[in-house]
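**Q** Just one file: model-v5.txt, with compact mmCIF, C-alpha atoms.
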# COMPACT_ATOMS: atom_id res chain seq x y z
CA MET L 1 70.55 126.97 117.97
CA LYS L 2 71.70 124.36 115.47
CA ARG L 3 72.28 125.51 111.91
CA LEU L 4 72.59 123.47 108.73
CA THR L 5 76.09 122.57 107.54
CA ARG L 6 77.26 123.78 104.14
CA ASN L 7 76.63 120.32 102.70
CA GLU L 8 73.12 120.19 104.15
CA MET L 9 72.38 123.62 102.66
CA ALA L 10 73.60 122.48 99.24
CA ALA L 11 71.58 119.26 99.45
CA ARG L 12 68.43 121.21 100.35
CA LEU L 13 68.80 123.52 97.35
CA ALA L 14 69.55 120.61 95.03
CA ARG L 15 66.14 119.09 95.83
CA ASP L 16 64.42 122.09 94.20
CA ILE L 17 66.12 121.83 90.80
CA ALA L 18 63.81 120.34 88.18
CA PRO L 19 65.10 117.46 86.03
CA GLY L 20 66.34 118.63 82.65
CA SER L 21 67.19 122.14 83.89
CA TYR L 22 70.11 124.12 82.48
CA VAL L 23 71.99 125.50 85.49
CA ASN L 24 75.04 127.62 86.17
CA ILE L 25 76.67 126.99 89.52
CA GLY L 26 78.92 129.70 90.91
CA ILE L 27 82.28 129.41 92.59
CA GLY L 28 82.46 128.52 96.29
CA MET L 29 79.66 126.98 98.32
CA PRO L 30 77.35 126.55 95.27
CA GLU L 31 79.87 124.05 93.85
CA LEU L 32 78.70 121.62 96.58
CA VAL L 33 75.23 121.52 94.98
CA ALA L 34 76.62 119.48 92.09
CA ASN L 35 77.37 116.63 94.53
CA TYR L 36 73.67 116.24 95.28
CA LEU L 37 72.31 116.06 91.72
CA ASP L 38 71.08 112.71 90.44
CA PRO L 39 72.73 112.01 87.06
CA ALA L 40 69.47 110.40 85.93
CA ASP L 41 67.81 113.83 86.19
CA GLU L 42 70.09 115.16 83.42
CA ILE L 43 70.43 118.58 85.03
CA LEU L 44 73.00 120.10 82.67
CA LEU L 45 75.63 122.40 84.13
CA HIS L 46 76.96 125.40 82.24
CA SER L 47 80.39 126.86 82.91
CA GLU L 48 81.04 130.46 81.82
CA ASN L 49 84.30 129.58 80.09
CA GLY L 50 82.43 127.69 77.37
CA ILE L 51 81.12 124.34 78.61
CA LEU L 52 77.62 122.88 78.65
CA GLY L 53 77.19 119.44 80.14
CA MET L 54 80.06 119.83 82.59
CA GLY L 55 80.82 116.67 84.59
CA PRO L 56 82.34 116.16 88.04
CA GLN L 57 85.83 117.36 88.96
CA ALA L 58 88.60 115.47 87.19
CA LYS L 59 90.70 112.95 89.09
CA ASP L 60 94.18 111.59 88.36
CA ASP L 61 94.59 110.80 84.66
CA GLU L 62 91.36 112.63 83.76
CA ILE L 63 93.05 115.95 84.60
CA ASP L 64 93.44 118.14 81.50
CA GLY L 65 94.76 121.71 81.68
CA GLU L 66 92.41 122.68 78.84
CA LEU L 67 89.26 121.49 80.58
CA LEU L 68 88.71 123.76 83.59
CA ASN L 69 85.64 125.16 85.34
CA ALA L 70 84.96 128.80 86.20
CA GLY L 71 87.06 128.39 89.35
CA LYS L 72 89.96 127.16 87.15
CA LYS L 73 89.72 123.64 88.58
CA PRO L 74 90.04 120.63 86.25
CA VAL L 75 86.68 119.07 85.42
CA THR L 76 85.24 116.45 83.05
CA LEU L 77 82.68 116.61 80.25
CA LEU L 78 79.56 114.45 80.13
CA THR L 79 78.85 112.42 77.02
CA GLY L 80 76.81 114.85 74.93
CA GLY L 81 78.51 117.92 76.39
CA ALA L 82 79.62 120.83 74.21
CA PHE L 83 82.32 123.50 73.99
CA PHE L 84 81.77 127.02 72.61
CA HIS L 85 83.45 130.39 72.74
CA HIS L 86 82.91 133.27 75.13
CA VAL L 87 80.38 135.25 73.09
CA ASP L 88 78.09 132.20 72.88
CA SER L 89 78.70 131.35 76.52
CA PHE L 90 77.66 134.80 77.70
CA ALA L 91 74.71 134.86 75.28
CA ILE L 92 73.59 131.76 77.19
CA MET L 93 74.00 133.66 80.46
CA ARG L 94 72.73 137.10 79.47
CA GLY L 95 70.09 136.05 76.97
CA GLY L 96 67.73 134.33 79.41
CA HIS L 97 68.59 130.79 78.35
CA LEU L 98 69.63 129.37 81.72
CA ASP L 99 66.77 128.06 83.85
CA LEU L 100 68.66 128.78 87.03
CA CYS L 101 71.85 130.20 88.39
CA ILE L 102 73.11 129.52 91.90
CA MET L 103 75.54 131.99 93.41
CA GLY L 104 77.00 132.72 96.80
CA GLY L 105 76.04 135.97 98.48
CA MET L 106 77.38 138.58 100.87
CA GLN L 107 74.08 140.46 101.23
CA VAL L 108 70.57 140.19 99.76
CA SER L 109 68.04 142.98 100.25
CA SER L 110 64.29 142.56 100.68
CA LYS L 111 63.90 144.02 97.17
CA GLY L 112 66.07 141.25 95.73
CA ASP L 113 69.20 143.36 95.31
CA LEU L 114 72.33 141.24 95.45
CA ALA L 115 75.80 142.09 96.73
CA ASN L 116 78.32 139.32 96.12
CA TRP L 117 81.28 140.73 94.21
CA SER L 118 83.13 143.19 96.41
CA LEU L 119 83.86 143.63 100.10
CA ASP L 120 85.02 147.12 99.18
CA ARG L 121 88.33 146.82 100.98
CA PRO L 122 90.74 149.62 100.13
CA GLY L 123 93.75 148.63 98.03
CA GLU L 124 92.12 145.41 96.86
CA PRO L 125 91.55 145.28 93.10
CA PRO L 126 87.88 144.96 92.11
CA ALA L 127 87.05 141.57 90.53
CA VAL L 128 83.59 140.82 89.15
CA GLY L 129 84.03 137.87 86.75
CA GLY L 130 80.64 136.74 85.41
CA ALA L 131 78.55 137.57 88.50
CA MET L 132 76.80 140.64 87.05
CA ASP L 133 76.05 138.76 83.81
CA LEU L 134 74.45 135.85 85.67
CA ALA L 135 72.51 138.09 88.03
CA VAL L 136 70.55 139.78 85.23
CA GLY L 137 70.44 136.97 82.70
CA ALA L 138 69.24 133.70 84.26
CA LYS L 139 65.51 132.95 84.44
CA ARG L 140 65.84 132.35 88.17
CA VAL L 141 68.59 133.39 90.58
CA TYR L 142 69.01 131.39 93.80
CA ILE L 143 71.51 132.51 96.42
CA LEU L 144 73.13 129.97 98.75
CA MET L 145 74.62 131.68 101.79
CA GLU L 146 74.70 131.64 105.57
CA HIS L 147 71.85 133.56 107.20
CA ASN L 148 74.35 135.59 109.21
CA ALA L 149 77.95 136.69 108.82
CA LYS L 150 80.60 135.23 111.14
CA ASP L 151 80.08 138.08 113.61
CA GLY L 152 76.32 137.44 113.61
CA THR L 153 75.37 140.38 111.38
CA PRO L 154 72.31 139.56 109.24
CA LYS L 155 72.99 139.05 105.53
CA LEU L 156 69.30 139.41 104.64
CA ILE L 157 68.68 143.11 105.07
CA ASP L 158 66.59 146.12 103.99
CA GLN L 159 69.25 147.71 101.84
CA CYS L 160 72.64 146.40 100.73
CA THR L 161 75.54 148.31 102.23
CA LEU L 162 78.17 146.58 100.05
CA PRO L 163 78.52 147.38 96.33
CA VAL L 164 75.65 145.68 94.47
CA THR L 165 75.94 143.06 91.73
CA GLY L 166 72.44 143.68 90.43
CA LEU L 167 69.15 145.32 91.45
CA GLY L 168 66.01 143.25 92.07
CA VAL L 169 67.58 140.12 90.61
CA VAL L 170 67.29 137.49 93.39
CA HIS L 171 64.31 135.11 93.47
CA ARG L 172 65.17 132.98 96.46
CA VAL L 173 67.76 132.58 99.22
CA TYR L 174 68.73 129.24 100.78
CA THR L 175 70.41 129.79 104.13
CA ASP L 176 71.48 127.61 107.04
CA LEU L 177 68.19 128.51 108.76
CA ALA L 178 65.48 128.90 106.12
CA VAL L 179 64.38 129.13 102.50
CA VAL L 180 63.35 132.72 101.84
CA GLU L 181 61.57 133.91 98.71
CA ILE L 182 61.69 137.55 97.54
CA GLY L 183 58.06 138.62 97.14
CA PRO L 184 56.52 141.94 96.13
CA GLN L 185 56.35 142.86 99.85
CA GLY L 186 59.83 141.60 100.72
CA PHE L 187 61.14 138.45 102.39
CA VAL L 188 58.75 135.50 102.64
CA VAL L 189 59.87 132.44 104.61
CA ILE L 190 58.67 129.41 102.68
CA GLU L 191 60.42 126.82 104.84
CA LYS L 192 62.27 126.74 108.13
CA LEU L 193 65.21 124.32 107.90
CA VAL L 194 66.03 124.02 111.61
CA ASP L 195 64.14 124.04 114.89
CA ILE L 196 63.69 127.79 115.28
CA SER L 197 60.78 130.00 116.32
CA ASP L 198 59.43 132.72 114.04
CA ASP L 199 60.70 135.34 116.47
CA GLU L 200 64.19 133.83 116.60
CA LEU L 201 64.31 133.85 112.81
CA ARG L 202 63.12 137.47 112.77
CA ALA L 203 65.90 138.35 115.21
CA ALA L 204 68.50 136.77 112.91
CA THR L 205 67.23 138.75 109.92
CA GLY L 206 67.82 142.41 109.12
CA ALA L 207 64.43 143.11 107.48
CA PRO L 208 60.77 142.18 108.11
CA LEU L 209 59.72 138.59 107.42
CA THR L 210 56.37 137.14 106.51
CA PHE L 211 55.67 133.42 106.81
CA ALA L 212 54.06 131.50 103.98
CA MET M 1 100.02 132.24 47.54
CA ILE M 2 98.70 133.06 50.96
CA ASN M 3 100.97 131.78 53.70
CA LYS M 4 100.43 133.05 57.24
CA PHE M 5 102.93 130.66 58.79
CA VAL M 6 105.97 132.31 60.35
CA ASN M 7 109.08 130.56 61.60
CA SER M 8 109.37 131.71 65.18
CA ALA M 9 107.50 133.35 68.02
CA ARG M 10 110.00 136.20 67.74
CA GLU M 11 108.99 136.79 64.12
CA ALA M 12 105.30 136.44 65.04
CA VAL M 13 105.35 139.37 67.49
CA GLU M 14 107.30 141.76 65.25
CA GLY M 15 105.82 145.23 64.99
CA ILE M 16 103.95 145.31 68.31
CA PHE M 17 104.52 148.94 69.19
CA ASP M 18 104.78 150.88 72.46
CA GLY M 19 101.32 151.88 73.70
CA ALA M 20 99.50 149.17 71.73
CA THR M 21 96.32 147.49 72.94
CA VAL M 22 96.97 143.73 73.01
CA LEU M 23 94.15 141.20 73.39
CA VAL M 24 95.41 138.08 75.13
CA GLY M 25 93.33 134.89 74.95
CA GLY M 26 92.89 132.36 77.71
CA PHE M 27 90.84 131.73 80.80
CA GLY M 28 93.19 130.88 83.60
CA GLY M 29 95.80 128.63 82.00
CA ALA M 30 93.52 127.20 79.30
CA GLY M 31 94.24 128.95 76.00
CA HIS M 32 96.93 131.20 77.47
CA PRO M 33 99.51 131.95 74.71
CA THR M 34 102.55 131.71 76.98
CA GLU M 35 105.24 131.49 74.27
CA LEU M 36 103.92 134.54 72.36
CA LEU M 37 103.91 136.53 75.61
CA HIS M 38 107.48 135.51 76.38
CA ALA M 39 108.50 136.53 72.85
CA LEU M 40 106.77 139.86 73.44
CA ILE M 41 108.87 140.39 76.58
CA ASP M 42 112.03 139.81 74.51
CA GLN M 43 110.69 142.08 71.75
CA GLY M 44 110.52 144.96 74.22
CA ALA M 45 107.23 146.81 73.57
CA ARG M 46 106.05 148.78 76.60
CA ASP M 47 103.17 150.92 77.90
CA LEU M 48 100.82 148.22 76.70
CA THR M 49 97.11 147.99 77.44
CA VAL M 50 96.29 144.31 77.83
CA VAL M 51 92.83 142.73 77.66
CA ASN M 52 92.49 139.30 79.28
CA ASN M 53 89.91 137.72 81.55
CA ASN M 54 92.46 137.62 84.37
CA ALA M 55 95.70 139.39 85.20
CA GLY M 56 98.25 136.59 85.10
CA ASN M 57 99.08 133.79 87.47
CA HIS M 58 102.37 132.68 88.99
CA GLU M 59 105.25 134.29 87.07
CA THR M 60 104.93 133.03 83.50
CA GLY M 61 103.05 134.34 80.47
CA LEU M 62 101.00 137.46 81.20
CA ALA M 63 102.27 137.60 84.80
CA ALA M 64 105.84 137.73 83.43
CA LEU M 65 104.92 140.55 81.03
CA ILE M 66 103.40 142.49 83.92
CA LYS M 67 106.39 141.76 86.15
CA ALA M 68 108.71 143.07 83.42
CA GLY M 69 106.89 146.40 83.74
CA ARG M 70 105.52 146.41 80.18
CA VAL M 71 101.83 146.73 80.99
CA ARG M 72 100.44 150.18 81.72
CA LYS M 73 96.83 149.07 82.03
CA MET M 74 94.86 145.84 82.42
CA ILE M 75 91.29 145.50 81.18
CA CYS M 76 89.89 142.34 82.78
CA SER M 77 86.97 140.88 84.70
CA PHE M 78 88.78 139.03 87.46
CA PRO M 79 92.34 140.11 88.33
CA ARG M 80 92.32 138.45 91.74
CA ALA M 81 93.27 134.79 91.99
CA SER M 82 95.18 132.56 94.34
CA HIS M 83 98.37 133.02 92.29
CA SER M 84 97.99 136.59 91.00
CA HIS M 85 100.62 138.04 93.36
CA VAL M 86 102.53 139.83 90.57
CA PHE M 87 99.53 141.92 89.54
CA ASN M 88 98.34 142.42 93.13
CA GLN M 89 101.70 143.85 94.18
CA MET M 90 101.95 146.21 91.17
CA TYR M 91 98.36 147.36 91.77
CA LYS M 92 99.00 148.02 95.44
CA GLU M 93 102.06 150.10 94.53
CA GLY M 94 100.03 152.08 91.97
CA ARG M 95 102.25 150.91 89.10
CA ILE M 96 99.45 149.46 86.96
CA GLU M 97 95.96 150.69 86.05
CA LEU M 98 92.91 148.45 86.12
CA GLU M 99 89.60 148.67 84.28
CA CYS M 100 87.34 146.01 85.79
CA VAL M 101 84.66 144.96 83.27
CA PRO M 102 82.00 142.24 83.63
CA GLN M 103 83.16 139.17 81.76
CA GLY M 104 80.26 139.06 79.30
CA THR M 105 80.68 142.77 78.60
CA ILE M 106 84.35 142.20 77.68
CA ALA M 107 83.28 139.43 75.29
CA GLU M 108 80.49 141.50 73.73
CA ARG M 109 82.63 144.66 73.45
CA LEU M 110 85.21 142.59 71.56
CA HIS M 111 82.42 141.18 69.38
CA ALA M 112 81.13 144.69 68.66
CA ALA M 113 84.64 145.73 67.61
CA GLY M 114 85.03 142.70 65.35
CA ALA M 115 81.56 143.07 63.85
CA GLY M 116 81.79 146.80 63.12
CA LEU M 117 79.15 147.81 65.69
CA GLY M 118 79.27 151.15 67.49
CA GLY M 119 78.37 149.55 70.81
CA PHE M 120 75.39 147.92 72.48
CA PHE M 121 72.99 148.17 75.41
CA THR M 122 73.14 145.49 78.11
CA ARG M 123 71.31 144.94 81.38
CA THR M 124 74.55 143.74 82.95
CA SER M 125 75.95 146.15 85.55
CA TYR M 126 72.89 148.44 85.61
CA GLY M 127 72.68 150.18 88.98
CA THR M 128 76.18 149.07 89.99
CA ARG M 129 79.47 150.85 90.50
CA LEU M 130 80.76 149.47 87.18
CA ALA M 131 78.07 151.41 85.29
CA GLU M 132 78.95 154.78 86.82
CA GLY M 133 79.23 157.52 84.20
CA LYS M 134 77.77 155.34 81.44
CA GLU M 135 74.69 156.13 79.39
CA VAL M 136 71.54 154.32 80.60
CA ARG M 137 68.42 153.77 78.53
CA GLU M 138 65.06 152.20 79.37
CA ILE M 139 63.99 149.79 76.64
CA ASP M 140 60.67 147.92 76.94
CA GLY M 141 60.61 148.35 80.70
CA HIS M 142 64.18 147.29 81.43
CA HIS M 143 67.22 149.43 82.16
CA TYR M 144 70.25 148.99 79.95
CA VAL M 145 73.81 150.33 80.08
CA PHE M 146 75.60 151.46 76.92
CA GLU M 147 78.95 149.81 76.23
CA LYS M 148 81.41 150.72 73.49
CA PRO M 149 83.43 148.40 71.25
CA LEU M 150 86.84 147.25 72.46
CA HIS M 151 89.36 147.18 69.61
CA GLY M 152 92.75 145.55 69.76
CA ASP M 153 95.82 146.56 67.79
CA PHE M 154 97.03 142.98 68.20
CA ALA M 155 95.60 139.70 69.48
CA LEU M 156 97.67 136.83 70.87
CA VAL M 157 95.70 133.59 70.72
CA LEU M 158 96.37 129.88 71.27
CA ALA M 159 94.79 127.33 68.91
CA GLN M 160 95.04 123.58 68.50
CA LYS M 161 95.53 123.40 64.72
CA ALA M 162 96.01 125.94 61.96
CA ASP M 163 96.49 125.80 58.19
CA ARG M 164 98.47 128.30 56.12
CA TRP M 165 95.34 130.34 55.35
CA GLY M 166 94.89 130.86 59.08
CA ASN M 167 91.84 128.65 59.59
CA LEU M 168 91.75 127.52 63.23
CA VAL M 169 90.33 124.90 65.49
CA TYR M 170 90.66 124.91 69.25
CA ARG M 171 90.67 122.23 71.95
CA LYS M 172 88.11 121.87 74.76
CA ALA M 173 87.70 124.91 77.02
CA ALA M 174 90.91 126.48 75.68
CA ARG M 175 88.69 128.07 73.01
CA ASN M 176 87.16 130.70 75.36
CA PHE M 177 88.11 134.23 74.14
CA GLY M 178 90.15 133.04 71.13
CA PRO M 179 87.54 133.36 68.34
CA VAL M 180 86.25 136.78 69.38
CA MET M 181 89.73 138.20 69.98
CA CYS M 182 90.78 137.05 66.49
CA MET M 183 87.89 139.17 65.13
CA ALA M 184 88.55 142.23 67.25
CA ALA M 185 92.23 142.94 66.48
CA LYS M 186 93.85 144.65 63.51
CA THR M 187 96.64 142.06 63.58
CA THR M 188 95.93 138.60 64.96
CA ILE M 189 98.87 136.40 65.97
CA VAL M 190 98.27 132.73 66.74
CA GLN M 191 100.37 130.03 68.32
CA ALA M 192 99.07 126.63 67.22
CA LYS M 193 100.12 123.23 68.47
CA TYR M 194 99.92 121.75 64.98
CA LEU M 195 100.33 123.29 61.55
CA VAL M 196 98.34 121.27 59.01
CA GLU M 197 97.91 121.18 55.24
CA LEU M 198 95.09 123.08 53.54
CA GLY M 199 92.13 120.69 53.45
CA ASP M 200 93.12 118.81 56.59
CA LEU M 201 90.64 120.81 58.66
CA ASP M 202 87.04 119.79 58.00
CA PRO M 203 85.36 122.97 56.62
CA GLU M 204 82.30 122.15 58.75
CA HIS M 205 84.44 122.21 61.90
CA ILE M 206 86.59 125.30 61.35
CA VAL M 207 85.87 127.63 64.29
CA THR M 208 87.84 130.71 63.23
CA PRO M 209 87.99 131.33 59.46
CA GLY M 210 91.39 132.48 58.27
CA ILE M 211 90.26 135.98 57.32
CA PHE M 212 90.50 136.88 61.03
CA VAL M 213 94.09 135.62 61.34
CA ASP M 214 97.35 137.21 60.18
CA ARG M 215 100.28 135.18 61.52
CA VAL M 216 100.64 131.64 62.83
CA VAL M 217 103.59 130.06 64.57
CA GLU M 218 103.83 126.43 65.64
CA VAL M 219 104.44 125.78 69.35
CA ARG M 220 104.13 122.05 69.78
CA ASN M 221 104.16 121.75 73.58
CA PRO M 222 103.06 125.08 75.05
CA GLN M 223 103.79 125.82 78.68
CA ILE M 224 100.64 126.10 80.78
CA SER M 225 100.59 129.35 82.79
CA SER M 226 97.97 128.90 85.45
Take the structure in the file and give it back as structure tokens.

**A**
Amino acid sequence: MKRLTRNEMAARLARDIAPGSYVNIGIGMPELVANYLDPADEILLHSENGILGMGPQAKDDEIDGELLNAGKKPVTLLTGGAFFHHVDSFAIMRGGHLDLCIMGGMQVSSKGDLANWSLDRPGEPPAVGGAMDLAVGAKRVYILMEHNAKDGTPKLIDQCTLPVTGLGVVHRVYTDLAVVEIGPQGFVVIEKLVDISDDELRAATGAPLTFA
Amino acid sequence: MINKFVNSAREAVEGIFDGATVLVGGFGGAGHPTELLHALIDQGARDLTVVNNNAGNHETGLAALIKAGRVRKMICSFPRASHSHVFNQMYKEGRIELECVPQGTIAERLHAAGAGLGGFFTRTSYGTRLAEGKEVREIDGHHYVFEKPLHGDFALVLAQKADRWGNLVYRKAARNFGPVMCMAAKTTIVQAKYLVELGDLDPEHIVTPGIFVDRVVEVRNPQISS
């Protein structure tokens, strides 16, 4: 069965972001989403370290060690962009001001619980960053992740087995197979993204699915 | 006459005592007060508790302080990075403690300390491992976790410009934790790239008013520790 590439997944999610939205894009695969936004839509990106109106990654003589994104990579600022300090930045994140945040995921449960901050490996220091702040604070939380782990294990499951980032926080998951909404009764497939039967999709998923 | 300017980084870090809690500004390399940290290594204080978003990168600045064995405990949100080998090794060997705190909770705990608040309730971390043992309250149908203020004995902060009253402006995303750390410490120590005359900073644009600042030293070309 053919699955979407990471770029195709990012492009699919990007199509669902309304013009004029304020959006926080997490580290990793979600960063690809920025490549598929139309500048004319003025979708403004927030970075936790105090930037609103973040532009593309900096190249050559644009590189400035004091203008980094959350992943500590050099970026640019759009005309009209703003800088602010951490208390304001996390008020933006925790206070319900962002229309959308897009994060990567390790597991999402059918109740919308999210695990994306710790693989719980012994001896490895825990590192949460701003993930728990975003999970509870954005108006909508979209997760961009593969439908299955590398060994085939489903990442959409009944109950997270990894340490959770937040409870009941996820609205929607964009995978390499489908777009899945978290409804009151659990996972609802709102779109299949590849040629796959309902039963094949059920087999790739660790919790019951309904089809919209 | 109020004059918060001091002549050297060595003079700026005088009095930092063993066991102190030191707030260190910066997010990755942006805003990291490398020269103050190196002066602190020379000064010799040990058993420090350090608050920073990260836990040092490569072997300069905070990573050098950790490598010198001066840090007993890190309070941070994200110690792991591609170049955080100094901290990782000390942690693996059990030679440094870690309190992992969500990033916004660090910022707000510092704000509570600076603003004289006894703490606050936040939805962040509810139901997670990082909320274990903390008071939980249901307010208007949502669950909140109680967090206490985080006071610093000292703050080490990097600014762009400072005047002798301690008014500060920052540059780009190097601002990050600077303003709130200035508020949250008993003694705030700043390294600024430019010392300017009173009146040179537009009062409408001053980000940190001088009341939150105690000492300022000029470091014209700070080393970036990222």

**Q** Would you give the centre and edge lengths, in Å to one decimal, of a box along x, y and z around the listed atoms of region 190-195 of chain M, with 4 Å added to each side, as AutoDock Vina command-line options?

**A**
--center_x 99.3 --center_y 127.2 --center_z 65.0 --size_x 10.1 --size_y 19.0 --size_z 14.9

**Q** How far is it from CA of Gln89 (chain M) to CA of Asn176 (chain M), in Å with one decimal?

**A**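 Taking CA of Gln89 (chain M) and CA of Asn176 (chain M), their separation equals 27.2 Å.
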
**Q** What's around region 158-173 of chain M at 7 Å? Count all atoms listed in the file, leave out sequence neighbours fewer than 5 positions away in its own chain, and write the answer as a VMD selection string.

**A** (chain L and resid 49 to 51 66 to 68 83) or (chain M and resid 2 to 5 25 30 to 33 178 190 to 198 206 to 210 213 to 214 216)

**Q** Can you pull out every residue within 7 Å of region 128-131 of chain M, counting all atoms listed in the file, but drop anything in the same chain fewer than 2 positions away, and send it as an NGL selection string?

**A** (:L and (163-166)) or (:M and (125-126 or 133-134 or 145))

**Q** When distances are computed from only C-alpha atoms, which of L:Val87, L:Ile27, L:Val173, L:Leu193 shows the smallest separation from chain M?

**A**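 Going through L:Val87, L:Ile27, L:Val173, L:Leu193 one by one, the smallest distance to chain M is for L:Val87.
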
**Q** Dump as a PyMOL selection string the residues of chain M that approach chain L to within 9 Å, counting all atoms listed in the file.

**A** chain M and resi 27-31+53-54+76-80+88+91-92+98-105+107-108+110-111+122-129+171-180+224+226

**Q** Within 8 Å of Pro56 (chain L), counting only C-alpha atoms, which residues show up once you throw out same-chain ones fewer than 6 positions away? Write them as a PyMOL selection string, please.

**A** chain L and resi 34+75-77

**Q** Would you save the residues from that selection as a PDB file, keeping the file's coordinate frame, using C-alpha atoms?

**A**
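The result, written out as selection-v2.pdb:
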ATOM      1  CA  ALA L  34      76.620 119.480  92.090  1.00  0.00           C
ATOM      2  CA  VAL L  75      86.680 119.070  85.420  1.00  0.00           C
ATOM      3  CA  THR L  76      85.240 116.450  83.050  1.00  0.00           C
ATOM      4  CA  LEU L  77      82.680 116.610  80.250  1.00  0.00           C
TER       5      LEU L  77
END

**Q** Every residue with an atom at most 8 Å from (101.5, 128.9, 90.6) (file coordinates; all atoms listed in the file) is what I'm after, so could you write them as a list in words?

**A**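 Checking each residue against the 8 Å limit leaves Asn57, His58, Glu59, His83, Ser225 and Ser226 of chain M.
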
**Q** Can you measure CA of Arg6 (chain L) to CA of Ile25 (chain L) for me? One decimal in Å is fine.

**A**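 Separation of CA of Arg6 (chain L) and CA of Ile25 (chain L): 15.0 Å.
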
**Q** Give me the residues within 9 Å of Ser8 (chain M) as a list in words, counting only C-alpha atoms and dropping any in the same chain fewer than 5 places off.

**A**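 Residues near the query, excluding close chain neighbours: Val13, Val217, Glu218 and Val219 of chain M.
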
**Q** Tell me, in Å to one decimal, how far CA of Leu144 (chain L) is from CA of Ser21 (chain L).

**A** 17.8 Å

**Q** Thr79 (chain L): which residues within 12 Å, counting all atoms listed in the file, same-chain residues fewer than 5 positions away excluded, as an MDAnalysis selection string?

**A** chainID L and resid 39 42 44 52:55

**Q** Output the selection as a tab-separated table (two decimals), in the coordinates of the input - C-alpha atoms for each residue.

**A**
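File written: again.tsv
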chain	number	residue	atom	x	y	z
L	39	PRO	CA	72.73	112.01	87.06
L	42	GLU	CA	70.09	115.16	83.42
L	44	LEU	CA	73.00	120.10	82.67
L	52	LEU	CA	77.62	122.88	78.65
L	53	GLY	CA	77.19	119.44	80.14
L	54	MET	CA	80.06	119.83	82.59
L	55	GLY	CA	80.82	116.67	84.59

**Q** I need the residue nearest Leu13 (chain L) from this list: L:Phe211, L:Tyr142, L:Trp117, L:Phe187. Use only C-alpha atoms for the distance.

**A**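 Checking each candidate against Leu13 (chain L), we get L:Tyr142 as the closest.
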